[in-house]
>>> print(open('target.cif').read())   # mmCIF, C-alpha atoms
data_upload
#
loop_
_atom_site.group_PDB
_atom_site.id
_atom_site.type_symbol
_atom_site.label_atom_id
_atom_site.label_comp_id
_atom_site.auth_asym_id
_atom_site.auth_seq_id
_atom_site.Cartn_x
_atom_site.Cartn_y
_atom_site.Cartn_z
ATOM 1 C CA MET A 1 0.000 0.000 0.000
ATOM 2 C CA LYS A 2 2.858 2.361 0.804
ATOM 3 C CA VAL A 3 4.343 1.843 -2.671
ATOM 4 C CA TRP A 4 1.047 2.757 -4.358
ATOM 5 C CA LEU A 5 0.680 5.914 -2.295
ATOM 6 C CA LYS A 6 4.214 6.906 -3.229
ATOM 7 C CA ARG A 7 3.467 6.327 -6.928
ATOM 8 C CA PHE A 8 0.233 8.327 -6.763
ATOM 9 C CA GLY A 9 2.061 11.141 -4.995
ATOM 10 C CA GLU A 10 4.822 11.188 -7.576
ATOM 11 C CA ALA A 11 2.378 11.138 -10.486
ATOM 12 C CA TYR A 12 0.286 13.918 -8.917
ATOM 13 C CA TRP A 13 3.360 16.100 -8.409
ATOM 14 C CA ARG A 14 4.543 15.497 -11.966
ATOM 15 C CA PHE A 15 1.112 16.385 -13.373
ATOM 16 C CA LEU A 16 1.107 19.672 -11.484
ATOM 17 C CA GLU A 17 4.746 20.732 -11.651
ATOM 18 C CA THR A 18 5.993 19.544 -15.038
ATOM 19 C CA ASP A 19 4.889 19.841 -18.638
ATOM 20 C CA GLU A 20 5.269 16.136 -19.304
ATOM 21 C CA ASP A 21 2.749 14.234 -21.363
ATOM 22 C CA THR A 22 0.077 12.460 -19.297
ATOM 23 C CA ASP A 23 0.784 9.094 -20.930
ATOM 24 C CA THR A 24 4.495 9.431 -20.166
ATOM 25 C CA VAL A 25 3.870 10.221 -16.501
ATOM 26 C CA LEU A 26 1.477 7.293 -16.076
ATOM 27 C CA ARG A 27 3.833 4.891 -17.863
ATOM 28 C CA GLU A 28 6.904 5.943 -15.877
ATOM 29 C CA THR A 29 5.111 5.799 -12.508
ATOM 30 C CA LYS A 30 3.634 2.376 -13.424
ATOM 31 C CA LEU A 31 0.092 3.754 -13.213
ATOM 32 C CA TRP A 32 -0.720 3.165 -16.892
ATOM 33 C CA TRP A 33 -3.769 1.127 -15.812
ATOM 34 C CA LEU A 34 -5.355 3.987 -13.841
ATOM 35 C CA PRO A 35 -7.493 5.505 -16.657
ATOM 36 C CA TYR A 36 -8.843 2.036 -17.471
ATOM 37 C CA ALA A 37 -9.732 1.378 -13.823
ATOM 38 C CA VAL A 38 -11.503 4.721 -13.459
ATOM 39 C CA SER A 39 -13.486 4.361 -16.675
ATOM 40 C CA GLY A 40 -14.381 0.768 -15.749
ATOM 41 C CA ALA A 41 -15.604 1.857 -12.325
ATOM 42 C CA ILE A 42 -17.730 4.615 -13.856
ATOM 43 C CA LEU A 43 -19.225 2.162 -16.342
ATOM 44 C CA ALA A 44 -19.996 -0.310 -13.545
ATOM 45 C CA LEU A 45 -21.739 2.417 -11.528
ATOM 46 C CA ILE A 46 -23.830 3.379 -14.536
ATOM 47 C CA LEU A 47 -24.833 -0.227 -15.186
ATOM 48 C CA VAL A 48 -25.717 -0.882 -11.532
ATOM 49 C CA GLU A 49 -27.688 2.356 -11.334
ATOM 50 C CA ASN A 50 -29.811 1.366 -14.326
ATOM 51 C CA HIS A 51 -30.973 -1.951 -12.809
#
>>> encode(input="target.cif", output="structure tokens")
Amino acid sequence: MKVWLKRFGEAYWRFLETDEDTDTVLRETKLWWLPYAVSGAILALILVENH
């Protein structure tokens, strides 16, 4: 858990403080899967809400 928090913190700092490309930041911090997880969670919430 500590490793993930460190990665999120590093990615957040790099998003705010640098002009790096979003894909580059996510790839280098090993969080490339994050957009897929967020969009999957949103889709699941929409599907559950409709039933």
>>> resolve_selection(input="target.cif", expression="the PyMOL selection byres ((chain A and resi 11) around 12)", output="list in words")
Trp4, Leu5, Lys6, Arg7, Phe8, Gly9, Glu10, Tyr12, Trp13, Arg14, Phe15, Leu16, Glu17, Thr18, Glu20, Asp21, Thr22, Asp23, Thr24, Val25, Leu26, Arg27, Glu28, Thr29, Lys30, Leu31, Trp32 and Leu34 of chain A
>>> axis_aligned_box(input="target.cif", around="region 11-25 of chain A", padding_each_side="4 Å", output="lines of an AutoDock Vina configuration file")
center_x = 3.0
center_y = 14.9
center_z = -14.9
size_x = 13.9
size_y = 19.6
size_z = 21.0
>>> atom_distance(input="target.cif", atom1="CA of Lys2 (chain A)", atom2="CA of Ile42 (chain A)")
25.4 Å
>>> decode(input="target.cif", residues="region 26-47 of chain A", atoms="N, CA, C and O atoms", output="PDB file, in the first residue's frame")
ATOM      1  N   LEU A  26       2.126   8.524 -16.537  1.00  0.00           N
ATOM      2  CA  LEU A  26       1.477   7.293 -16.076  1.00  0.00           C
ATOM      3  C   LEU A  26       2.334   6.068 -16.360  1.00  0.00           C
ATOM      4  O   LEU A  26       2.408   5.157 -15.538  1.00  0.00           O
ATOM      5  N   ARG A  27       2.990   6.039 -17.515  1.00  0.00           N
ATOM      6  CA  ARG A  27       3.833   4.891 -17.863  1.00  0.00           C
ATOM      7  C   ARG A  27       5.052   4.810 -16.934  1.00  0.00           C
ATOM      8  O   ARG A  27       5.387   3.745 -16.432  1.00  0.00           O
ATOM      9  N   GLU A  28       5.690   5.942 -16.691  1.00  0.00           N
ATOM     10  CA  GLU A  28       6.904   5.943 -15.877  1.00  0.00           C
ATOM     11  C   GLU A  28       6.631   5.702 -14.395  1.00  0.00           C
ATOM     12  O   GLU A  28       7.497   5.204 -13.686  1.00  0.00           O
ATOM     13  N   THR A  29       5.446   6.052 -13.911  1.00  0.00           N
ATOM     14  CA  THR A  29       5.111   5.799 -12.508  1.00  0.00           C
ATOM     15  C   THR A  29       4.375   4.468 -12.342  1.00  0.00           C
ATOM     16  O   THR A  29       3.886   4.157 -11.260  1.00  0.00           O
ATOM     17  N   LYS A  30       4.288   3.693 -13.417  1.00  0.00           N
ATOM     18  CA  LYS A  30       3.634   2.376 -13.424  1.00  0.00           C
ATOM     19  C   LYS A  30       2.157   2.468 -13.049  1.00  0.00           C
ATOM     20  O   LYS A  30       1.595   1.578 -12.447  1.00  0.00           O
ATOM     21  N   LEU A  31       1.526   3.570 -13.444  1.00  0.00           N
ATOM     22  CA  LEU A  31       0.092   3.754 -13.213  1.00  0.00           C
ATOM     23  C   LEU A  31      -0.665   3.812 -14.545  1.00  0.00           C
ATOM     24  O   LEU A  31      -1.726   4.411 -14.638  1.00  0.00           O
ATOM     25  N   TRP A  32      -0.112   3.145 -15.573  1.00  0.00           N
ATOM     26  CA  TRP A  32      -0.720   3.165 -16.892  1.00  0.00           C
ATOM     27  C   TRP A  32      -2.139   2.600 -16.873  1.00  0.00           C
ATOM     28  O   TRP A  32      -2.962   2.936 -17.717  1.00  0.00           O
ATOM     29  N   TRP A  33      -2.463   1.782 -15.898  1.00  0.00           N
ATOM     30  CA  TRP A  33      -3.769   1.127 -15.812  1.00  0.00           C
ATOM     31  C   TRP A  33      -4.834   2.028 -15.179  1.00  0.00           C
ATOM     32  O   TRP A  33      -6.024   1.729 -15.240  1.00  0.00           O
ATOM     33  N   LEU A  34      -4.429   3.136 -14.584  1.00  0.00           N
ATOM     34  CA  LEU A  34      -5.355   3.987 -13.841  1.00  0.00           C
ATOM     35  C   LEU A  34      -6.538   4.501 -14.674  1.00  0.00           C
ATOM     36  O   LEU A  34      -7.687   4.402 -14.221  1.00  0.00           O
ATOM     37  N   PRO A  35      -6.331   5.041 -15.880  1.00  0.00           N
ATOM     38  CA  PRO A  35      -7.493   5.505 -16.657  1.00  0.00           C
ATOM     39  C   PRO A  35      -8.477   4.382 -16.966  1.00  0.00           C
ATOM     40  O   PRO A  35      -9.686   4.597 -16.984  1.00  0.00           O
ATOM     41  N   TYR A  36      -7.963   3.165 -17.197  1.00  0.00           N
ATOM     42  CA  TYR A  36      -8.843   2.036 -17.471  1.00  0.00           C
ATOM     43  C   TYR A  36      -9.651   1.653 -16.231  1.00  0.00           C
ATOM     44  O   TYR A  36     -10.836   1.322 -16.324  1.00  0.00           O
ATOM     45  N   ALA A  37      -9.037   1.701 -15.071  1.00  0.00           N
ATOM     46  CA  ALA A  37      -9.732   1.378 -13.823  1.00  0.00           C
ATOM     47  C   ALA A  37     -10.817   2.403 -13.528  1.00  0.00           C
ATOM     48  O   ALA A  37     -11.929   2.048 -13.132  1.00  0.00           O
ATOM     49  N   VAL A  38     -10.521   3.665 -13.728  1.00  0.00           N
ATOM     50  CA  VAL A  38     -11.503   4.721 -13.459  1.00  0.00           C
ATOM     51  C   VAL A  38     -12.679   4.618 -14.428  1.00  0.00           C
ATOM     52  O   VAL A  38     -13.841   4.670 -14.009  1.00  0.00           O
ATOM     53  N   SER A  39     -12.385   4.452 -15.708  1.00  0.00           N
ATOM     54  CA  SER A  39     -13.486   4.361 -16.675  1.00  0.00           C
ATOM     55  C   SER A  39     -14.297   3.092 -16.454  1.00  0.00           C
ATOM     56  O   SER A  39     -15.525   3.101 -16.610  1.00  0.00           O
ATOM     57  N   GLY A  40     -13.656   2.000 -16.060  1.00  0.00           N
ATOM     58  CA  GLY A  40     -14.381   0.768 -15.749  1.00  0.00           C
ATOM     59  C   GLY A  40     -15.275   0.919 -14.534  1.00  0.00           C
ATOM     60  O   GLY A  40     -16.405   0.421 -14.510  1.00  0.00           O
ATOM     61  N   ALA A  41     -14.795   1.625 -13.528  1.00  0.00           N
ATOM     62  CA  ALA A  41     -15.604   1.857 -12.325  1.00  0.00           C
ATOM     63  C   ALA A  41     -16.810   2.738 -12.644  1.00  0.00           C
ATOM     64  O   ALA A  41     -17.916   2.486 -12.153  1.00  0.00           O
ATOM     65  N   ILE A  42     -16.613   3.745 -13.464  1.00  0.00           N
ATOM     66  CA  ILE A  42     -17.730   4.615 -13.856  1.00  0.00           C
ATOM     67  C   ILE A  42     -18.764   3.822 -14.645  1.00  0.00           C
ATOM     68  O   ILE A  42     -19.976   3.937 -14.408  1.00  0.00           O
ATOM     69  N   LEU A  43     -18.309   2.992 -15.566  1.00  0.00           N
ATOM     70  CA  LEU A  43     -19.225   2.162 -16.342  1.00  0.00           C
ATOM     71  C   LEU A  43     -19.998   1.206 -15.439  1.00  0.00           C
ATOM     72  O   LEU A  43     -21.210   1.033 -15.598  1.00  0.00           O
ATOM     73  N   ALA A  44     -19.324   0.596 -14.477  1.00  0.00           N
ATOM     74  CA  ALA A  44     -19.996  -0.310 -13.545  1.00  0.00           C
ATOM     75  C   ALA A  44     -21.054   0.426 -12.727  1.00  0.00           C
ATOM     76  O   ALA A  44     -22.156  -0.102 -12.511  1.00  0.00           O
ATOM     77  N   LEU A  45     -20.756   1.626 -12.275  1.00  0.00           N
ATOM     78  CA  LEU A  45     -21.739   2.417 -11.528  1.00  0.00           C
ATOM     79  C   LEU A  45     -22.958   2.755 -12.381  1.00  0.00           C
ATOM     80  O   LEU A  45     -24.092   2.713 -11.905  1.00  0.00           O
ATOM     81  N   ILE A  46     -22.720   3.073 -13.631  1.00  0.00           N
ATOM     82  CA  ILE A  46     -23.830   3.379 -14.536  1.00  0.00           C
ATOM     83  C   ILE A  46     -24.702   2.146 -14.752  1.00  0.00           C
ATOM     84  O   ILE A  46     -25.938   2.218 -14.694  1.00  0.00           O
ATOM     85  N   LEU A  47     -24.076   0.999 -14.954  1.00  0.00           N
ATOM     86  CA  LEU A  47     -24.833  -0.227 -15.186  1.00  0.00           C
ATOM     87  C   LEU A  47     -25.615  -0.639 -13.945  1.00  0.00           C
ATOM     88  O   LEU A  47     -26.768  -1.078 -14.052  1.00  0.00           O
TER      89      LEU A  47
END
